[in-house]
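Okay, input.txt now, which holds compact mmCIF, C-alpha atoms:
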```txt
# COMPACT_ATOMS: atom_id res chain seq x y z
CA MET A 1 -78.11 126.44 25.24
CA LYS A 2 -79.41 125.21 28.60
CA ALA A 3 -81.05 122.30 26.80
CA LYS A 4 -77.68 121.33 25.28
CA ILE A 5 -76.00 121.31 28.69
CA ASN A 6 -78.83 119.23 30.19
CA ALA A 7 -78.51 116.77 27.30
CA MET A 8 -74.77 116.45 27.96
CA LEU A 9 -75.38 115.75 31.67
CA LEU A 10 -78.01 113.14 30.79
CA LEU A 11 -75.55 111.46 28.42
CA ILE A 12 -72.97 111.23 31.22
CA LEU A 13 -75.51 109.52 33.50
CA ILE A 14 -76.59 107.10 30.77
CA VAL A 15 -72.97 106.09 30.17
CA ILE A 16 -71.88 105.88 33.81
CA LEU A 17 -74.78 104.22 35.63
CA PRO A 18 -74.62 100.76 33.99
CA LEU A 19 -70.85 100.51 34.41
CA ARG A 20 -68.68 99.40 37.30
CA ILE A 21 -65.87 101.82 38.14
CA VAL A 22 -62.51 100.05 38.42
CA PRO A 23 -58.92 101.29 38.30
CA THR A 24 -56.78 100.98 35.18
CA ASP A 25 -53.61 98.93 34.88
CA GLY A 26 -50.10 100.24 35.31
CA ASP A 27 -47.79 101.68 32.68
CA SER A 28 -47.37 98.56 30.52
CA SER A 29 -47.32 98.74 26.73
CA HIS A 30 -50.77 99.62 25.39
CA THR A 31 -52.69 101.51 22.70
CA ASN A 32 -55.46 104.07 23.32
CA ILE A 33 -58.19 104.94 20.82
CA GLY A 34 -60.68 107.69 21.62
CA ALA A 35 -63.28 110.08 20.24
CA PHE A 36 -64.41 113.42 21.66
CA GLY A 37 -66.89 116.19 20.94
CA GLY A 38 -68.27 119.37 22.43
CA PHE A 39 -69.59 122.88 21.94
CA GLY A 40 -69.29 126.37 23.38
CA GLN A 41 -68.88 130.03 22.53
CA TYR A 42 -66.26 132.75 22.64
CA ALA A 43 -66.43 136.55 22.56
CA GLN A 44 -65.35 138.58 19.55
CA ILE A 45 -64.66 142.04 20.96
CA SER A 46 -63.48 145.17 19.15
CA ARG A 47 -61.72 147.76 21.29
CA GLY A 48 -60.72 151.36 20.67
CA CYS A 49 -57.31 152.96 21.10
CA GLU A 50 -57.87 153.46 24.83
CA GLY A 51 -59.21 149.96 25.42
CA GLN A 52 -62.88 150.89 25.36
CA ILE A 53 -65.27 148.32 23.90
CA VAL A 54 -66.53 149.39 20.49
CA ASP A 55 -68.40 146.24 19.49
CA LYS A 56 -68.89 142.69 20.79
CA ASP A 57 -70.45 139.45 19.56
CA LYS A 58 -70.99 135.88 20.74
CA ILE A 59 -69.46 133.29 18.42
CA PRO A 60 -70.82 129.72 18.81
CA PHE A 61 -68.69 126.73 17.84
CA SER A 62 -68.51 122.94 17.97
CA GLU A 63 -65.63 120.48 17.71
CA PHE A 64 -65.40 116.73 17.14
CA GLY A 65 -62.28 114.61 16.92
CA ILE A 66 -60.44 111.32 17.31
CA CYS A 67 -57.21 110.35 19.07
CA ILE A 68 -54.90 107.35 18.89
CA ASP A 69 -51.64 106.79 20.74
CA HIS A 70 -49.30 103.95 21.64
CA LYS A 71 -47.31 103.72 24.88
CA THR A 72 -44.22 101.55 24.54
CA GLN A 73 -42.53 99.73 27.43
CA SER A 74 -39.90 102.47 27.24
CA PRO A 75 -40.80 106.07 28.24
CA LEU A 76 -41.89 106.79 24.64
CA ARG A 77 -45.54 107.47 23.80
CA TYR A 78 -46.45 108.54 20.26
CA GLY A 79 -49.73 109.25 18.54
CA ILE A 80 -51.91 111.52 16.45
CA GLN A 81 -54.99 113.63 17.18
CA ALA A 82 -57.39 115.05 14.59
CA SER A 83 -60.43 117.30 14.89
CA TYR A 84 -63.13 119.07 12.90
CA PHE A 85 -64.01 122.54 14.23
CA THR A 86 -66.99 124.64 13.06
CA PHE A 87 -67.65 128.27 13.98
CA LYS A 88 -69.45 131.41 12.77
CA GLU A 89 -67.16 134.01 11.21
CA LEU A 90 -68.46 137.60 11.26
CA THR A 91 -67.55 140.10 8.55
CA GLU A 92 -68.47 143.77 8.23
CA HIS A 93 -68.87 145.88 5.11
CA TRP A 94 -70.15 149.37 4.36
CA ASP A 95 -73.50 149.66 2.59
CA GLU A 96 -73.31 152.70 0.30
CA GLU A 97 -77.07 152.91 -0.25
CA GLN A 98 -78.05 152.63 3.40
CA ALA A 99 -74.96 154.55 4.58
CA TYR A 100 -74.17 152.23 7.48
CA GLU A 101 -72.10 149.16 8.22
CA ILE A 102 -73.69 145.73 7.70
CA LYS A 103 -72.55 142.68 9.65
CA THR A 104 -72.89 139.24 8.06
CA SER A 105 -71.93 135.77 9.25
CA SER A 106 -70.76 132.63 7.50
CA THR A 107 -69.98 129.13 8.70
CA GLU A 108 -66.27 128.29 8.66
CA ASN A 109 -64.66 124.89 9.19
CA ILE A 110 -61.17 124.03 10.40
CA ILE A 111 -59.59 120.60 10.02
CA ALA A 112 -56.63 119.99 12.33
CA ALA A 113 -54.13 117.15 12.70
CA HIS A 114 -51.55 116.82 15.46
CA PRO A 115 -48.84 114.12 15.40
CA TYR A 116 -46.76 114.09 18.58
CA ALA A 117 -44.34 112.16 20.78
CA ASN A 118 -44.03 112.15 24.58
CA PHE A 119 -41.30 110.82 26.85
CA GLU A 120 -42.91 109.89 30.15
CA TRP A 121 -41.10 108.95 33.35
CA LYS A 122 -42.59 108.61 36.83
CA HIS A 123 -41.66 112.08 38.07
CA PHE A 124 -41.13 113.96 34.80
CA ALA A 125 -42.43 114.04 31.23
CA PHE A 126 -42.03 116.17 28.16
CA GLY A 127 -43.43 116.05 24.65
CA PHE A 128 -43.51 117.86 21.34
CA GLY A 129 -45.38 117.74 18.05
CA PHE A 130 -46.79 119.92 15.30
CA LEU A 131 -50.36 121.17 14.84
CA PHE A 132 -51.38 121.29 11.16
CA THR A 133 -54.57 123.11 10.07
CA ASN A 134 -56.21 124.12 6.79
CA HIS A 135 -57.29 127.53 8.16
CA THR A 136 -55.67 130.45 9.93
CA LEU A 137 -55.86 129.67 13.65
CA LEU A 138 -58.29 131.77 15.67
CA PHE A 139 -55.65 132.58 18.31
CA SER A 140 -52.94 133.58 15.80
CA GLY A 141 -53.70 137.31 15.88
CA ASP A 142 -51.68 139.22 13.29
CA ALA A 143 -49.21 136.40 12.70
CA ASP A 144 -48.13 135.55 9.18
CA GLU A 145 -50.68 133.22 7.57
CA ASP A 146 -48.15 130.48 6.84
CA ILE A 147 -47.16 130.41 10.50
CA ALA A 148 -50.75 130.76 11.67
CA LYS A 149 -51.77 127.59 9.82
CA GLY A 150 -49.44 125.47 11.94
CA MET A 151 -47.41 125.61 15.10
CA THR A 152 -45.13 123.51 17.28
CA SER A 153 -46.73 121.90 20.32
CA ILE A 154 -45.05 121.42 23.71
CA TYR A 155 -45.87 119.47 26.87
CA VAL A 156 -44.02 119.38 30.23
CA ARG A 157 -45.00 117.64 33.48
CA GLY A 158 -43.27 117.73 36.85
CA GLY A 159 -44.24 115.32 39.64
CA SER A 160 -45.74 111.85 39.82
CA LEU A 161 -49.20 111.25 38.32
CA ASN A 162 -50.07 109.25 41.45
CA LYS A 163 -49.41 112.29 43.63
CA ILE A 164 -49.79 116.02 43.04
CA TYR A 165 -48.18 117.15 39.79
CA VAL A 166 -48.01 120.32 37.71
CA ASP A 167 -48.00 120.50 33.93
CA PHE A 168 -47.88 122.96 31.06
CA SER A 169 -48.96 122.48 27.46
CA LEU A 170 -49.04 124.52 24.27
CA SER A 171 -51.45 123.16 21.61
CA HIS A 172 -50.60 119.61 22.67
CA MET A 173 -53.77 118.06 24.11
CA PRO A 174 -57.39 117.60 22.98
CA PRO A 175 -59.67 119.35 22.47
CA LEU A 176 -57.21 120.79 19.95
CA LEU A 177 -58.95 124.08 19.08
CA SER A 178 -61.83 124.69 21.50
CA GLY A 179 -59.49 123.84 24.35
CA ASP A 180 -57.16 126.69 25.23
CA ASN A 181 -53.93 126.95 23.25
CA PHE A 182 -51.93 127.58 26.46
CA ARG A 183 -52.79 125.49 29.55
CA MET A 184 -51.15 125.27 32.96
CA GLY A 185 -52.45 123.52 36.04
CA VAL A 186 -52.26 121.01 38.88
CA GLY A 187 -53.57 117.45 38.87
CA HIS A 188 -53.77 114.19 40.80
CA ARG A 189 -54.63 110.59 39.90
CA TYR A 190 -56.99 108.73 42.24
CA PRO A 191 -57.78 104.98 42.03
CA ASN A 192 -60.95 105.45 39.97
CA PHE A 193 -60.53 108.88 38.40
CA ASP A 194 -58.09 111.68 37.55
CA LEU A 195 -58.66 115.35 38.39
CA TRP A 196 -56.92 118.42 36.97
CA GLY A 197 -57.57 122.15 37.29
CA GLY A 198 -55.80 125.19 35.94
CA ILE A 199 -55.90 128.28 33.75
CA GLY A 200 -55.74 128.69 30.00
CA TYR A 201 -55.67 131.19 27.18
CA GLY A 202 -56.21 130.74 23.46
CA MET A 203 -58.90 131.78 21.00
CA TYR A 204 -60.95 133.25 23.84
CA ASP A 205 -60.83 136.95 24.72
CA SER A 206 -59.75 136.39 28.33
CA ILE A 207 -57.94 133.89 30.53
CA GLY A 208 -60.26 131.11 31.67
CA LEU A 209 -60.57 128.54 34.45
CA LEU A 210 -60.07 124.98 33.20
CA PHE A 211 -61.26 121.63 34.54
CA ARG A 212 -60.35 118.17 33.26
CA SER A 213 -61.37 114.78 34.60
CA LYS A 214 -60.96 111.16 33.51
CA LEU A 215 -63.41 108.63 34.97
CA HIS A 216 -62.30 104.99 34.72
CA LEU A 217 -65.59 103.33 33.86
CA GLN A 218 -64.19 99.86 33.28
CA LYS A 219 -60.74 98.33 33.23
CA ASN A 220 -60.06 99.56 29.69
CA LEU A 221 -62.72 102.25 29.20
CA SER A 222 -62.64 105.86 30.43
CA LEU A 223 -64.82 108.94 30.12
CA ASP A 224 -62.92 112.22 29.58
CA ILE A 225 -64.47 115.57 30.49
CA TYR A 226 -62.96 118.98 29.68
CA SER A 227 -64.51 122.36 30.44
CA ARG A 228 -63.46 126.00 30.67
CA PHE A 229 -65.21 129.19 31.72
CA ASN A 230 -64.69 132.94 31.96
CA GLU A 231 -66.56 136.18 31.37
CA ALA A 232 -65.51 138.93 28.95
CA ALA A 233 -67.52 142.13 28.48
CA ARG A 234 -70.57 140.39 29.99
CA ILE A 235 -70.27 137.53 27.52
CA TYR A 236 -69.74 134.04 28.93
CA GLU A 237 -66.89 132.26 27.17
CA TYR A 238 -67.01 128.52 27.72
CA THR A 239 -66.68 125.04 26.30
CA VAL A 240 -67.99 121.64 27.41
CA ASN A 241 -66.21 118.70 25.80
CA MET A 242 -66.49 114.97 26.46
CA GLY A 243 -64.98 111.82 25.01
CA LEU A 244 -64.56 108.07 25.44
CA THR A 245 -61.19 106.30 25.34
CA TYR A 246 -60.64 102.55 25.03
CA ARG A 247 -57.33 100.97 25.99
CA PHE A 248 -55.96 97.91 24.19
CA ASN A 249 -53.36 96.13 26.29
CA LYS A 250 -50.52 94.27 24.63
```

Show me the file's structure as structure tokens.
Amino acid sequence: MKAKINAMLLLILIVILPLRIVPTDGDSSHTNIGAFGGFGQYAQISRGCEGQIVDKDKIPFSEFGICIDHKTQSPLRYGIQASYFTFKELTEHWDEEQAYEIKTSSTENIIAAHPYANFEWKHFAFGFGFLFTNHTLLFSGDADEDIAKGMTSIYVRGGSLNKIYVDFSLSHMPPLLSGDNFRMGVGHRYPNFDLWGGIGYGMYDSIGLLFRSKLHLQKNLSLDIYSRFNEAARIYEYTVNMGLTYRFNK
């Protein structure tokens, strides 16, 4: 796992070093096309009636996806995000001959698509969409399967992006599945990069600390970094996700 993280850091350096960092343009009409990918793990914990831990496992995963959106000269921005998520699903069954429970794992894949629309003003923004998947969502709990395979997404921002702002999202931003379902935080846009930090909760066992950054590598090219971290029952739950976005101006 340490080797994977070192490889990710090396990739960032390879991408950044040859490029000149410059600010992006204003809010004119444009189209963004991007791709992202990452990996991590979450804790699968079984608890007894009094909250005691009965069993726990580390579940590794990876996610890769693409995004495309178009910002009109009006406040409207619309687009679609899609991702491919792979994880290990553990199942338990009783072995009659050995007289004990056997735990097996299988690789499961989730394909997700998320069409959405945002209305973005200088000091306020809101958006909505719908997250479609071909598999019961990991954070759906005991929800009905039909509901668990899709859900409405929401996004709200208060404050200017060029100053300190706060925002809240529910299944609305990439990474679609390895990123937390619920996210809330504070951000600020600087001339050459954006920074955002907050808390989130989703398929992970516990609430995590989130970090998101966008580095403007060239006038129309940016590097997006998303990470989250927490500890649950001495298991580190985390994800490291990166992507590149290219902006086509009208």

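Closest approach to Gly197 in chain A among A:Arg212, A:Arg183, A:His172, A:Arg234: A:Arg212, based on all atoms listed in the file.
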
message = Taking 5 positions as the minimum chain separation for residues in the same chain, which residues sit within 8 Å of Phe119 in chain A when counting only C-alpha atoms? Answer as a ChimeraX atom specification.
response = /A:75-77,125-127

key: Interatomic distance (Å, one decimal) between CA of Tyr116 in chain A and CA of Val240 in chain A   = 24.2 Å

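Of note, CA of Thr239 in chain A and CA of Phe39 in chain A are spaced 5.7 Å apart.
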
key: Nearby residues (all atoms listed in the file) at most 12 Å from Ser29 in chain A, same-chain spacing under 6 positions excluded, as a list of chain:residue names   =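 Using all atoms listed in the file, the neighbours found are A:Asp69, A:His70, A:Lys71, A:Thr72, A:Gln73, A:Ser74, A:Pro75, A:Leu76, A:Arg77, A:Tyr78, A:Arg247, A:Phe248, A:Asn249, A:Lys250.
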
request  = Could you jot down the CA of Glu63 in chain A to CA of Ser46 in chain A separation for me, Å, one decimal place?
outcome  =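 If I compute the distance from CA of Glu63 in chain A to CA of Ser46 in chain A, I get 24.8 Å.
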
note = Closest of A:Ala35, A:Val186, A:Ile68, A:Leu161 to Leu210 in chain A, counting all atoms listed in the file, is A:Val186

inquiry  = If we count all atoms listed in the file and set the cut-off at 10 Å, which residues sit around Met173 in chain A, ignoring sequence neighbours fewer than 5 positions away in its own chain? Please answer as a ChimeraX atom specification.
reply    = /A:67,81,114,116,153-155,179-183

task = Tell me, as a ChimeraX atom specification, which residues lie within 9 Å of range 199-205 of chain A, counting only C-alpha atoms; anything in the same chain fewer than 6 positions away does not count.
result = /A:41-45,137-140,177-185,211,228,230-232,237-238

message = Could you check the closest approach to Phe124 in chain A for each of A:Asp167, A:Asp55, A:Asp194, A:Glu50 and tell me which residue wins, using all atoms listed in the file?
response =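 For Phe124 in chain A, the nearest of the given residues is A:Asp167.
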
query = Taking into account all atoms listed in the file, which residue in the set A:Gln218, A:Ser213, A:Asn192, A:Thr86 is nearest to Met242 in chain A?
reply =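 Looking at the shortest contact to Met242 in chain A, the residue is A:Ser213.
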
ask   = Could you list as a PyMOL selection string every residue that has an atom within 6 Å of (-64.1, 116.3, 22.8), using the file's coordinates and counting only C-alpha atoms?
value = chain A and resi 36-38+64+175+241-243

Can you give me N, CA and C atoms for range 207-230 of chain A, written as a CSV table (one decimal), keeping the file's coordinate frame?
```
chain,number,residue,atom,x,y,z
A,207,ILE,N,-58.4,135.1,29.9
A,207,ILE,CA,-57.9,133.9,30.5
A,207,ILE,C,-59.1,133.2,31.2
A,208,GLY,N,-59.1,131.9,31.1
A,208,GLY,CA,-60.3,131.1,31.7
A,208,GLY,C,-59.8,130.1,32.7
A,209,LEU,N,-60.8,129.6,33.5
A,209,LEU,CA,-60.6,128.5,34.4
A,209,LEU,C,-60.9,127.2,33.7
A,210,LEU,N,-60.0,126.3,33.9
A,210,LEU,CA,-60.1,125.0,33.2
A,210,LEU,C,-60.3,123.8,34.2
A,211,PHE,N,-61.0,122.8,33.7
A,211,PHE,CA,-61.3,121.6,34.5
A,211,PHE,C,-61.2,120.4,33.6
A,212,ARG,N,-60.4,119.4,34.0
A,212,ARG,CA,-60.4,118.2,33.3
A,212,ARG,C,-60.5,117.0,34.2
A,213,SER,N,-61.2,116.0,33.8
A,213,SER,CA,-61.4,114.8,34.6
A,213,SER,C,-61.4,113.5,33.7
A,214,LYS,N,-60.9,112.4,34.2
A,214,LYS,CA,-61.0,111.2,33.5
A,214,LYS,C,-61.6,110.2,34.5
A,215,LEU,N,-62.7,109.6,34.1
A,215,LEU,CA,-63.4,108.6,35.0
A,215,LEU,C,-63.2,107.3,34.4
A,216,HIS,N,-62.6,106.3,35.2
A,216,HIS,CA,-62.3,105.0,34.7
A,216,HIS,C,-63.6,104.1,34.9
A,217,LEU,N,-64.3,104.0,33.8
A,217,LEU,CA,-65.6,103.3,33.9
A,217,LEU,C,-65.4,101.8,34.0
A,218,GLN,N,-64.5,101.3,33.2
A,218,GLN,CA,-64.2,99.9,33.3
A,218,GLN,C,-62.7,99.7,33.2
A,219,LYS,N,-62.2,98.5,33.2
A,219,LYS,CA,-60.7,98.3,33.2
A,219,LYS,C,-60.1,99.0,32.1
A,220,ASN,N,-60.7,99.0,30.9
A,220,ASN,CA,-60.1,99.6,29.7
A,220,ASN,C,-60.9,100.7,29.1
A,221,LEU,N,-61.9,101.2,29.8
A,221,LEU,CA,-62.7,102.2,29.2
A,221,LEU,C,-62.8,103.4,30.1
A,222,SER,N,-62.6,104.7,29.6
A,222,SER,CA,-62.6,105.9,30.4
A,222,SER,C,-63.5,106.9,29.8
A,223,LEU,N,-64.1,107.8,30.6
A,223,LEU,CA,-64.8,108.9,30.1
A,223,LEU,C,-64.0,110.2,30.4
A,224,ASP,N,-63.7,111.0,29.4
A,224,ASP,CA,-62.9,112.2,29.6
A,224,ASP,C,-63.8,113.4,29.5
A,225,ILE,N,-63.7,114.4,30.4
A,225,ILE,CA,-64.5,115.6,30.5
A,225,ILE,C,-63.5,116.8,30.6
A,226,TYR,N,-63.8,117.7,29.7
A,226,TYR,CA,-63.0,119.0,29.7
A,226,TYR,C,-63.9,120.2,29.6
A,227,SER,N,-63.7,121.2,30.5
A,227,SER,CA,-64.5,122.4,30.4
A,227,SER,C,-63.7,123.6,30.8
A,228,ARG,N,-64.1,124.7,30.3
A,228,ARG,CA,-63.5,126.0,30.7
A,228,ARG,C,-64.5,127.1,30.7
A,229,PHE,N,-64.2,128.1,31.5
A,229,PHE,CA,-65.2,129.2,31.7
A,229,PHE,C,-64.5,130.5,32.1
A,230,ASN,N,-65.0,131.6,31.5
A,230,ASN,CA,-64.7,132.9,32.0
A,230,ASN,C,-65.7,133.9,31.4
```
